[in-house]
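Engineer: My questions will all concern the structure given below.
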Protein chains: 2
Amino acid sequence: MARWEPNARDRLQQAALDLYGERGFEQTTVAEIAKRAGLTERTFFRYFADKPEVLFSGAGALQEFLVTLVAEAPDSAAPIDIVASALEATAGFFHERREFAAQRQAVIDANADLRERELIKLATLASAIADQLRRRGIRDPAASLTAEAGIAVFKVAFERWVSEPDQQDLAKLIRESLGALKAVTAGN
Amino acid sequence: MARWEPNARDRLQQAALDLYGERGFEQTTVAEIAKRAGLTERTFFRYFADKPEVLFSGAGALQEFLVTLVAEAPDSAAPIDIVASALEATAGFFHERREFAAQRQAVIDANADLRERELIKLATLASAIADQLRRRGIRDPAASLTAEAGIAVFKVAFERWVSEPDQQDLAKLIRESLGALKAVTAGN
């Protein structure tokens, strides 16, 4: 029977991120991650399907959170503001995990396969948001464009937040990024 | 010495697309493509590095074309209009290859790896356009957001053009898609 290990998931995740950063993602084995965390490989696979999963296990919850907020937004709100508000609401989640987010981004930036997977994650998010906007009665191309624009706004804001240590407030950066998008599409 | 084969590249590309559509991308071999085209495998590899290359060989030229147009646009134009005009200018290229574009899209839609590669192509395009905008003196986040918004506009217009046979004019769809983006970001 498996012994209960306190914080096994967090310990594995931290050990993996540290090793991906030190040795590179490709060069790190699950055995090494488990050893660094003081746990077994078997325990690793109880929490994560594989090495990339350590970096992407939050994607499903993030998508569900965003889709729920889009679904529950008041009818009076403009679609782009519904999406921007939902994205701003993720800031609290990321603020609690700033160090994790920065380490994760460095690992992803250094590996082409992981960058691809990150792109797929964002495209899947855009597509889930567009679906939910259509369920609210917003038609295409507005639904798709609103979702794609929202994800572009988030991507630009998140990159700034994660790469500039003096930028503390992701929600503020998302609002600024939306403001910049509104300015560029207005032709300013 | 290699014998000269008239239109070898086009014949290989058409044979590959037909087979990808009939049997699926994964199930098709280079030997089968060459045979269908009445050519040798050796000839295939003179034109394409591998099976996906048949679908993505135009990406480099498309990117160069767009980046050149962005570089040469008049200083007076607004960044989003520079990008939209460059994208509209690709319409002629795609109009000449409508049947190819439709077959290619169906193959890509049916295969997760190819969908990923298409996403990467679009992200690379956005990033090249953003670089060129920065070279024109446009700062971030405006440069990144303009490029991302432009690619979103193109993606939505292209999907419509390729999937709706009665939609003939890609440039018109790009203008409509840009209009829809401007409307959604204005909060309408």
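So you can find residues: chains in the structure tokens are A, B, ... in the order shown, residues in each start at 1, and ligands are numbered from 1 in order.
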If you run DSSP on the backbone here, which positions in region 22-162 of chain B get helix (DSSP H, G or I)? Please write them as a ChimeraX atom specification.

Structural biologist: /B:22-23,30-37,41-47,53-56,59-72,79-88,91-95,98-109,112-135,142-162

Engineer: Using only C-alpha atoms, which chain A residues lie at most 9 Å away from chain B, written as a ChimeraX atom specification?

Structural biologist: /A:77-81,115-117,119-120,123,140-146,148-149,152-153,156-157,160,176-178,180-188

Engineer: Would you mind exporting N, CA and C atoms of the selected residues as a short mmCIF file (atom, residue, chain, number, x, y, z; two decimals), in the first residue's frame?

Structural biologist:
data_model
loop_
_atom_site.label_atom_id
_atom_site.label_comp_id
_atom_site.auth_asym_id
_atom_site.auth_seq_id
_atom_site.Cartn_x
_atom_site.Cartn_y
_atom_site.Cartn_z
N ALA A 77 -22.82 43.13 -20.44
CA ALA A 77 -21.41 43.41 -20.71
C ALA A 77 -21.06 43.14 -22.17
N ALA A 78 -20.15 43.95 -22.72
CA ALA A 78 -19.66 43.74 -24.08
C ALA A 78 -18.76 42.50 -24.08
N PRO A 79 -18.82 41.68 -25.15
CA PRO A 79 -18.05 40.43 -25.19
C PRO A 79 -16.56 40.61 -24.86
N ILE A 80 -15.92 41.62 -25.42
CA ILE A 80 -14.47 41.77 -25.16
C ILE A 80 -14.22 42.06 -23.68
N ASP A 81 -15.15 42.78 -23.04
CA ASP A 81 -14.98 43.07 -21.61
C ASP A 81 -15.26 41.83 -20.76
N ARG A 115 7.39 24.91 -26.17
CA ARG A 115 6.80 26.14 -26.73
C ARG A 115 5.59 25.79 -27.59
N GLU A 116 5.71 24.70 -28.37
CA GLU A 116 4.57 24.25 -29.18
C GLU A 116 3.38 23.89 -28.30
N ARG A 117 3.68 23.14 -27.24
CA ARG A 117 2.58 22.73 -26.36
C ARG A 117 1.91 23.92 -25.71
N LEU A 119 1.66 26.90 -27.09
CA LEU A 119 0.84 27.50 -28.15
C LEU A 119 -0.49 26.75 -28.29
N ILE A 120 -0.39 25.42 -28.22
CA ILE A 120 -1.60 24.61 -28.33
C ILE A 120 -2.53 24.88 -27.16
N ALA A 123 -4.25 28.14 -27.88
CA ALA A 123 -5.23 28.01 -28.97
C ALA A 123 -6.47 27.25 -28.48
N ASP A 140 -20.39 34.37 -35.09
CA ASP A 140 -19.10 34.50 -35.74
C ASP A 140 -19.20 35.50 -36.88
N PRO A 141 -18.13 36.22 -37.23
CA PRO A 141 -16.77 36.07 -36.71
C PRO A 141 -16.51 36.75 -35.37
N ALA A 142 -17.51 37.48 -34.81
CA ALA A 142 -17.27 38.22 -33.57
C ALA A 142 -16.80 37.30 -32.43
N ALA A 143 -17.44 36.14 -32.29
CA ALA A 143 -17.10 35.24 -31.18
C ALA A 143 -15.63 34.79 -31.28
N SER A 144 -15.22 34.32 -32.45
CA SER A 144 -13.84 33.86 -32.62
C SER A 144 -12.85 35.00 -32.43
N LEU A 145 -13.16 36.16 -33.02
CA LEU A 145 -12.23 37.29 -32.94
C LEU A 145 -12.11 37.81 -31.51
N THR A 146 -13.21 37.83 -30.78
CA THR A 146 -13.17 38.28 -29.38
C THR A 146 -12.28 37.34 -28.56
N GLU A 148 -9.90 35.23 -29.69
CA GLU A 148 -8.50 35.32 -30.15
C GLU A 148 -7.86 36.61 -29.64
N ALA A 149 -8.62 37.71 -29.71
CA ALA A 149 -8.09 39.00 -29.24
C ALA A 149 -7.82 38.93 -27.74
N ALA A 152 -4.66 37.02 -27.13
CA ALA A 152 -3.50 37.84 -27.51
C ALA A 152 -3.19 38.86 -26.42
N VAL A 153 -4.23 39.48 -25.89
CA VAL A 153 -4.09 40.45 -24.79
C VAL A 153 -3.44 39.78 -23.58
N VAL A 156 0.42 38.76 -24.22
CA VAL A 156 1.32 39.91 -24.16
C VAL A 156 1.49 40.38 -22.71
N ALA A 157 0.38 40.45 -21.97
CA ALA A 157 0.44 40.88 -20.57
C ALA A 157 1.21 39.88 -19.72
N ARG A 160 4.98 40.02 -20.18
CA ARG A 160 5.55 41.16 -19.47
C ARG A 160 5.65 40.87 -17.98
N GLU A 176 -3.97 47.12 -19.26
CA GLU A 176 -3.14 47.95 -20.14
C GLU A 176 -3.01 47.35 -21.53
N SER A 177 -2.87 46.03 -21.56
CA SER A 177 -2.74 45.33 -22.84
C SER A 177 -4.04 45.46 -23.65
N LEU A 178 -5.18 45.34 -22.97
CA LEU A 178 -6.46 45.53 -23.65
C LEU A 178 -6.58 46.97 -24.16
N ALA A 180 -4.13 48.87 -25.03
CA ALA A 180 -3.24 48.99 -26.19
C ALA A 180 -3.87 48.35 -27.43
N LEU A 181 -4.55 47.21 -27.24
CA LEU A 181 -5.23 46.59 -28.39
C LEU A 181 -6.34 47.49 -28.91
N LYS A 182 -7.11 48.07 -28.00
CA LYS A 182 -8.18 48.98 -28.42
C LYS A 182 -7.60 50.16 -29.20
N ALA A 183 -6.45 50.67 -28.72
CA ALA A 183 -5.81 51.80 -29.41
C ALA A 183 -5.32 51.39 -30.79
N VAL A 184 -4.68 50.21 -30.90
CA VAL A 184 -4.16 49.84 -32.23
C VAL A 184 -5.27 49.51 -33.22
N THR A 185 -6.35 48.89 -32.74
CA THR A 185 -7.44 48.57 -33.68
C THR A 185 -8.25 49.80 -34.03
N ALA A 186 -8.18 50.84 -33.18
CA ALA A 186 -8.84 52.10 -33.53
C ALA A 186 -7.98 52.89 -34.52
N GLY A 187 -6.78 52.34 -34.83
CA GLY A 187 -5.92 52.99 -35.83
C GLY A 187 -5.05 54.08 -35.24
N ASN A 188 -4.90 54.11 -33.91
CA ASN A 188 -4.06 55.14 -33.28
C ASN A 188 -2.58 54.71 -33.26
#

Engineer: Would you please work out which residue, of A:Arg98, A:Leu39, A:Leu133, A:Ala171, is nearest to Glu72 (chain A) when using only C-alpha atoms?

Structural biologist: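 Checking each candidate against Glu72 (chain A), we get A:Leu133 as the closest.
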
Engineer: Which residues are near Ser163 (chain A)? Cut-off 12 Å, only C-alpha atoms, ignore same chain within fewer than 2 positions. Put them as an MDAnalysis selection string.

Structural biologist: chainID A and resid 98:99 101:106 109 156:161 165:168 170

Engineer: Only N, CA, C and O atoms, please: the residues just picked out, written as a PDB file, in the first residue's frame.

Structural biologist:
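Output below, filename again25.pdb:
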ATOM      1  N   ARG A  98       3.949  33.103  -8.482  1.00  0.00           N
ATOM      2  CA  ARG A  98       4.819  33.908  -9.344  1.00  0.00           C
ATOM      3  C   ARG A  98       6.159  33.224  -9.607  1.00  0.00           C
ATOM      4  O   ARG A  98       6.627  33.174 -10.742  1.00  0.00           O
ATOM      5  N   GLU A  99       6.785  32.709  -8.560  1.00  0.00           N
ATOM      6  CA  GLU A  99       8.091  32.079  -8.714  1.00  0.00           C
ATOM      7  C   GLU A  99       7.966  30.844  -9.627  1.00  0.00           C
ATOM      8  O   GLU A  99       8.776  30.639 -10.529  1.00  0.00           O
ATOM      9  N   ALA A 101       5.670  30.375 -11.902  1.00  0.00           N
ATOM     10  CA  ALA A 101       5.373  30.838 -13.264  1.00  0.00           C
ATOM     11  C   ALA A 101       6.647  31.276 -13.978  1.00  0.00           C
ATOM     12  O   ALA A 101       6.833  30.989 -15.166  1.00  0.00           O
ATOM     13  N   ALA A 102       7.541  31.965 -13.252  1.00  0.00           N
ATOM     14  CA  ALA A 102       8.777  32.452 -13.871  1.00  0.00           C
ATOM     15  C   ALA A 102       9.701  31.288 -14.235  1.00  0.00           C
ATOM     16  O   ALA A 102      10.269  31.241 -15.329  1.00  0.00           O
ATOM     17  N   GLN A 103       9.821  30.331 -13.306  1.00  0.00           N
ATOM     18  CA  GLN A 103      10.673  29.161 -13.576  1.00  0.00           C
ATOM     19  C   GLN A 103      10.115  28.366 -14.756  1.00  0.00           C
ATOM     20  O   GLN A 103      10.825  27.938 -15.640  1.00  0.00           O
ATOM     21  N   ARG A 104       8.790  28.181 -14.733  1.00  0.00           N
ATOM     22  CA  ARG A 104       8.113  27.432 -15.787  1.00  0.00           C
ATOM     23  C   ARG A 104       8.344  28.086 -17.152  1.00  0.00           C
ATOM     24  O   ARG A 104       8.651  27.421 -18.139  1.00  0.00           O
ATOM     25  N   GLN A 105       8.217  29.420 -17.202  1.00  0.00           N
ATOM     26  CA  GLN A 105       8.360  30.125 -18.469  1.00  0.00           C
ATOM     27  C   GLN A 105       9.781  29.968 -19.026  1.00  0.00           C
ATOM     28  O   GLN A 105       9.956  29.760 -20.228  1.00  0.00           O
ATOM     29  N   ALA A 106      10.769  30.014 -18.150  1.00  0.00           N
ATOM     30  CA  ALA A 106      12.162  29.870 -18.597  1.00  0.00           C
ATOM     31  C   ALA A 106      12.388  28.483 -19.204  1.00  0.00           C
ATOM     32  O   ALA A 106      13.075  28.342 -20.219  1.00  0.00           O
ATOM     33  N   ASP A 109      10.533  28.438 -22.618  1.00  0.00           N
ATOM     34  CA  ASP A 109      11.232  29.242 -23.632  1.00  0.00           C
ATOM     35  C   ASP A 109      12.455  28.525 -24.199  1.00  0.00           C
ATOM     36  O   ASP A 109      12.848  28.775 -25.342  1.00  0.00           O
ATOM     37  N   VAL A 156       0.417  38.762 -24.222  1.00  0.00           N
ATOM     38  CA  VAL A 156       1.324  39.906 -24.159  1.00  0.00           C
ATOM     39  C   VAL A 156       1.486  40.384 -22.707  1.00  0.00           C
ATOM     40  O   VAL A 156       2.594  40.652 -22.246  1.00  0.00           O
ATOM     41  N   ALA A 157       0.379  40.451 -21.970  1.00  0.00           N
ATOM     42  CA  ALA A 157       0.435  40.885 -20.571  1.00  0.00           C
ATOM     43  C   ALA A 157       1.211  39.880 -19.723  1.00  0.00           C
ATOM     44  O   ALA A 157       2.043  40.252 -18.888  1.00  0.00           O
ATOM     45  N   PHE A 158       0.956  38.607 -19.933  1.00  0.00           N
ATOM     46  CA  PHE A 158       1.597  37.568 -19.130  1.00  0.00           C
ATOM     47  C   PHE A 158       3.103  37.545 -19.374  1.00  0.00           C
ATOM     48  O   PHE A 158       3.887  37.415 -18.427  1.00  0.00           O
ATOM     49  N   GLU A 159       3.516  37.689 -20.641  1.00  0.00           N
ATOM     50  CA  GLU A 159       4.948  37.714 -20.952  1.00  0.00           C
ATOM     51  C   GLU A 159       5.644  38.864 -20.227  1.00  0.00           C
ATOM     52  O   GLU A 159       6.752  38.710 -19.727  1.00  0.00           O
ATOM     53  N   ARG A 160       4.978  40.021 -20.180  1.00  0.00           N
ATOM     54  CA  ARG A 160       5.551  41.162 -19.470  1.00  0.00           C
ATOM     55  C   ARG A 160       5.645  40.870 -17.975  1.00  0.00           C
ATOM     56  O   ARG A 160       6.675  41.109 -17.349  1.00  0.00           O
ATOM     57  N   TRP A 161       4.546  40.355 -17.426  1.00  0.00           N
ATOM     58  CA  TRP A 161       4.485  40.095 -15.991  1.00  0.00           C
ATOM     59  C   TRP A 161       5.567  39.099 -15.563  1.00  0.00           C
ATOM     60  O   TRP A 161       6.242  39.285 -14.546  1.00  0.00           O
ATOM     61  N   PRO A 165      10.461  41.602 -13.254  1.00  0.00           N
ATOM     62  CA  PRO A 165      10.218  41.370 -11.828  1.00  0.00           C
ATOM     63  C   PRO A 165       9.554  42.549 -11.116  1.00  0.00           C
ATOM     64  O   PRO A 165       8.907  42.366 -10.085  1.00  0.00           O
ATOM     65  N   ASP A 166       9.700  43.769 -11.669  1.00  0.00           N
ATOM     66  CA  ASP A 166       9.088  44.917 -10.990  1.00  0.00           C
ATOM     67  C   ASP A 166       7.606  45.054 -11.337  1.00  0.00           C
ATOM     68  O   ASP A 166       6.902  45.884 -10.765  1.00  0.00           O
ATOM     69  N   GLN A 167       7.131  44.257 -12.288  1.00  0.00           N
ATOM     70  CA  GLN A 167       5.706  44.266 -12.630  1.00  0.00           C
ATOM     71  C   GLN A 167       4.981  43.327 -11.674  1.00  0.00           C
ATOM     72  O   GLN A 167       5.123  42.114 -11.766  1.00  0.00           O
ATOM     73  N   GLN A 168       4.219  43.893 -10.757  1.00  0.00           N
ATOM     74  CA  GLN A 168       3.609  43.052  -9.743  1.00  0.00           C
ATOM     75  C   GLN A 168       2.178  42.657 -10.080  1.00  0.00           C
ATOM     76  O   GLN A 168       1.726  41.600  -9.688  1.00  0.00           O
ATOM     77  N   LEU A 170      -0.617  41.552 -12.426  1.00  0.00           N
ATOM     78  CA  LEU A 170      -0.983  40.990 -13.729  1.00  0.00           C
ATOM     79  C   LEU A 170      -2.307  41.553 -14.238  1.00  0.00           C
ATOM     80  O   LEU A 170      -2.461  41.822 -15.429  1.00  0.00           O
TER      81      LEU A 170
END

Engineer: So, with only C-alpha atoms as the atoms that count, which of B:Ala37, B:Ile129, B:Leu114, B:Ala89 lies closest to Glu5 (chain B)?

Structural biologist: B:Ala37

Engineer: When you count only C-alpha atoms, which of these residues is closest to Gly60 (chain B): B:Val30, B:Thr124, B:Phe93, B:Leu12?

Structural biologist: B:Thr124
